[in-house]
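Below: query35.txt (compact mmCIF, C-alpha atoms)
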# COMPACT_ATOMS: atom_id res chain seq x y z
CA MET E 1 69.11 13.38 -66.16
CA ALA E 2 68.80 16.58 -68.19
CA ALA E 3 65.13 15.85 -68.91
CA SER E 4 64.48 15.32 -65.21
CA LEU E 5 66.17 18.61 -64.34
CA LEU E 6 64.20 20.39 -67.06
CA ARG E 7 60.92 18.92 -65.75
CA ARG E 8 61.77 20.08 -62.22
CA ARG E 9 62.62 23.57 -63.45
CA CYS E 10 59.38 23.77 -65.45
CA LYS E 11 57.37 22.60 -62.44
CA THR E 12 59.13 25.16 -60.25
CA LEU E 13 58.35 27.90 -62.77
CA VAL E 14 54.71 26.82 -63.03
CA ASP E 15 54.44 26.66 -59.22
CA LYS E 16 55.98 30.12 -58.95
CA ASN E 17 53.57 31.53 -61.53
CA VAL E 18 50.58 29.93 -59.79
CA TYR E 19 51.81 31.35 -56.48
CA GLN E 20 52.16 34.84 -57.98
CA ILE E 21 48.71 34.68 -59.60
CA ASP E 22 47.23 33.57 -56.27
CA ARG E 23 49.02 36.45 -54.53
CA ILE E 24 47.59 38.91 -57.04
CA ARG E 25 44.06 37.51 -56.68
CA LEU E 26 44.29 37.62 -52.88
CA TYR E 27 45.54 41.20 -52.91
CA ILE E 28 42.64 42.18 -55.18
CA LEU E 29 40.09 40.50 -52.90
CA GLU E 30 41.55 42.17 -49.81
CA ASN E 31 41.51 45.62 -51.43
CA ILE E 32 38.55 45.36 -53.80
CA ARG E 33 36.64 48.29 -52.29
CA ASP E 34 39.59 50.67 -52.64
CA PRO E 35 38.79 53.11 -55.46
CA GLU E 36 42.53 53.45 -56.12
CA LEU E 37 42.83 49.72 -56.90
CA THR E 38 44.06 49.44 -60.47
CA PRO E 39 46.24 46.89 -62.21
CA SER E 40 49.28 49.16 -61.88
CA ALA E 41 48.53 49.70 -58.16
CA VAL E 42 48.33 45.93 -57.65
CA ALA E 43 51.65 45.39 -59.40
CA ALA E 44 53.33 48.17 -57.41
CA ALA E 45 51.97 46.88 -54.10
CA LEU E 46 53.28 43.38 -54.83
CA GLY E 47 56.64 44.56 -56.12
CA ILE E 48 56.29 43.29 -59.67
CA SER E 49 56.10 45.11 -62.97
CA SER E 50 52.77 45.62 -64.70
CA ARG E 51 54.24 43.90 -67.74
CA HIS E 52 55.17 40.80 -65.73
CA MET E 53 51.74 40.73 -64.10
CA ASN E 54 50.04 40.99 -67.50
CA LYS E 55 52.26 38.17 -68.76
CA LEU E 56 51.19 35.99 -65.81
CA PHE E 57 47.54 36.57 -66.66
CA GLU E 58 47.87 35.79 -70.38
CA SER E 59 46.72 32.22 -69.72
CA GLU E 60 43.92 33.30 -67.38
CA GLU E 61 40.32 33.87 -68.41
CA LEU E 62 40.33 37.54 -67.33
CA THR E 63 42.90 40.30 -67.26
CA VAL E 64 43.67 41.91 -63.90
CA GLY E 65 41.54 44.93 -64.81
CA GLN E 66 38.62 42.72 -65.80
CA LEU E 67 39.02 40.70 -62.61
CA ILE E 68 38.84 43.86 -60.49
CA ARG E 69 35.82 45.18 -62.39
CA ASN E 70 33.93 41.85 -62.27
CA ARG E 71 34.56 41.33 -58.53
CA ARG E 72 33.30 44.84 -57.84
CA LEU E 73 30.20 44.31 -59.97
CA GLU E 74 29.45 40.97 -58.28
CA GLY E 75 29.80 42.57 -54.85
CA ALA E 76 27.52 45.40 -55.88
CA MET E 77 24.96 42.89 -57.19
CA THR E 78 25.02 41.12 -53.83
CA ASP E 79 24.41 44.38 -51.97
CA LEU E 80 21.67 45.57 -54.31
CA SER E 81 19.79 42.28 -54.16
CA ASN E 82 20.20 41.82 -50.39
CA PRO E 83 16.77 41.93 -48.68
CA LEU E 84 18.53 42.97 -45.46
CA LYS E 85 19.52 46.23 -47.16
CA PRO E 86 16.15 47.53 -48.39
CA ASN E 87 17.09 51.21 -48.43
CA VAL E 88 20.54 50.98 -49.97
CA ARG E 89 21.17 53.63 -52.62
CA ILE E 90 22.70 52.75 -55.96
CA THR E 91 25.24 55.57 -55.72
CA GLU E 92 26.26 54.43 -52.25
CA VAL E 93 26.77 50.86 -53.48
CA ALA E 94 28.80 52.08 -56.45
CA TYR E 95 31.15 54.10 -54.26
CA ASP E 96 31.34 51.36 -51.61
CA TRP E 97 32.61 48.95 -54.25
CA GLY E 98 35.31 51.29 -55.54
CA PHE E 99 33.59 52.87 -58.52
CA SER E 100 34.26 56.59 -58.84
CA SER E 101 31.21 57.38 -60.98
CA ALA E 102 27.65 56.18 -60.44
CA SER E 103 26.73 56.58 -64.11
CA HIS E 104 29.79 54.60 -65.23
CA PHE E 105 28.90 51.94 -62.64
CA CYS E 106 25.32 51.71 -63.98
CA ARG E 107 26.54 51.29 -67.57
CA LEU E 108 29.03 48.57 -66.59
CA PHE E 109 26.43 46.86 -64.41
CA LYS E 110 23.89 46.70 -67.23
CA LYS E 111 26.49 45.46 -69.70
CA HIS E 112 27.67 42.76 -67.26
CA PHE E 113 24.31 41.53 -65.92
CA GLY E 114 21.88 42.55 -68.66
CA LYS E 115 19.81 44.62 -66.25
CA THR E 116 20.21 47.90 -64.45
CA PRO E 117 20.88 48.30 -60.73
CA LYS E 118 17.40 49.82 -60.48
CA ASP E 119 15.91 46.67 -62.05
CA VAL E 120 17.69 44.57 -59.41
CA GLN E 121 16.29 46.74 -56.63
CA LYS E 122 12.77 46.52 -58.08
CA GLN E 123 13.09 42.74 -58.36
CA ARG E 124 14.25 42.57 -54.74
CA MET E 125 11.19 44.55 -53.64
CA LEU E 126 8.87 42.25 -55.60
CA ASN E 127 10.54 39.12 -54.18
CA PRO E 128 11.88 40.13 -50.75
CA ASN E 129 12.50 36.50 -49.67
CA ARG E 130 15.09 35.83 -52.39

Output the file's structure as structure tokens, nothing else.
Amino acid sequence: MAASLLRRRCKTLVDKNVYQIDRIRLYILENIRDPELTPSAVAAALGISSRHMNKLFESEELTVGQLIRNRRLEGAMTDLSNPLKPNVRITEVAYDWGFSSASHFCRLFKKHFGKTPKDVQKQRMLNPNR
């Protein structure tokens, strides 16, 4: 009986943690373009402490800050490589995706993708059908 109760409590705790992680991920996706979106802002908006949120993400592949940064970079990559946006400016894309500095954005972009935003734009111009 005690083992059964313990299993149920563990499952409830795991379910609650999964629910909270999903809530955090959803909030990030809904607010990803907000330049004020930071891990502490996410925690405050969801009514949990930053410490608790960091604890939840210990078993995840990325921290909350890394998740925010990677989602922004992936969105920026999509915009920069979009043939329907031939005249999009790198600075505009950076700010649209919540980065507050174009030069910082370019450094992060190159580190993440191994090529610069300018390289992506050039590639898009060479292969407009991709």

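One finds CA of Asn70 (chain E) at 20.6 Å from CA of Val18 (chain E).
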
(request) Grab the CA of Ala44 (chain E) to CA of Met77 (chain E) distance for me, in Å with one decimal place. (result) 28.9 Å

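Atom to atom, CA of Ser103 (chain E) and CA of Leu126 (chain E) stand 24.4 Å apart.
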
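Using all atoms listed in the file for every distance, the candidate list E:Leu56, E:Gly47, E:Ala76, E:Phe105 yields E:Leu56 as the residue closest to Lys16 (chain E).
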
(request) Give the answer as one residue: which of E:Ser40, E:Thr116, E:Asn82, E:Asn31 has the shortest atom-to-atom distance to Ala102 (chain E), using all atoms listed in the file? (result) E:Thr116

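The neighbours of Leu67 (chain E) here are the residues that come within 10 Å of it, using only C-alpha atoms and leaving out any residue fewer than 6 positions away in the same chain; they are E:Arg25, E:Ile28, E:Leu29, E:Ile32, E:Pro39, E:Glu61, E:Leu73.
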
Those selected residues, please, written with C-alpha atoms and delivered as a short mmCIF file (atom, residue, chain, number, x, y, z; two decimals), keeping the file's coordinate frame.
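Okay, again.cif is ready:
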data_model
loop_
_atom_site.label_atom_id
_atom_site.label_comp_id
_atom_site.auth_asym_id
_atom_site.auth_seq_id
_atom_site.Cartn_x
_atom_site.Cartn_y
_atom_site.Cartn_z
CA ARG E 25 44.06 37.51 -56.68
CA ILE E 28 42.64 42.18 -55.18
CA LEU E 29 40.09 40.50 -52.90
CA ILE E 32 38.55 45.36 -53.80
CA PRO E 39 46.24 46.89 -62.21
CA GLU E 61 40.32 33.87 -68.41
CA LEU E 73 30.20 44.31 -59.97
#

(request) Determine, counting only C-alpha atoms, which protein, DNA and RNA residues have an atom within 10 Å of an atom of His112 (chain E); residues of the same chain fewer than 3 positions away are not included. Present the result as a ChimeraX atom specification. (result) /E:69-70,73-74,106-109,115-116

(message) Neighbouring residues of Ala45 (chain E) were defined as those with any atom within 12 Å, considering only C-alpha atoms; residues of the same chain fewer than 3 positions away were excluded. Please report them as a ChimeraX atom specification.
(response) /E:23-24,27-28,31,36-42,48-50,53

Preceding selection exported with C-alpha atoms as a short mmCIF file (atom, residue, chain, number, x, y, z; two decimals), keeping the file's coordinate frame:
data_model
loop_
_atom_site.label_atom_id
_atom_site.label_comp_id
_atom_site.auth_asym_id
_atom_site.auth_seq_id
_atom_site.Cartn_x
_atom_site.Cartn_y
_atom_site.Cartn_z
CA ARG E 23 49.02 36.45 -54.53
CA ILE E 24 47.59 38.91 -57.04
CA TYR E 27 45.54 41.20 -52.91
CA ILE E 28 42.64 42.18 -55.18
CA ASN E 31 41.51 45.62 -51.43
CA GLU E 36 42.53 53.45 -56.12
CA LEU E 37 42.83 49.72 -56.90
CA THR E 38 44.06 49.44 -60.47
CA PRO E 39 46.24 46.89 -62.21
CA SER E 40 49.28 49.16 -61.88
CA ALA E 41 48.53 49.70 -58.16
CA VAL E 42 48.33 45.93 -57.65
CA ILE E 48 56.29 43.29 -59.67
CA SER E 49 56.10 45.11 -62.97
CA SER E 50 52.77 45.62 -64.70
CA MET E 53 51.74 40.73 -64.10
#
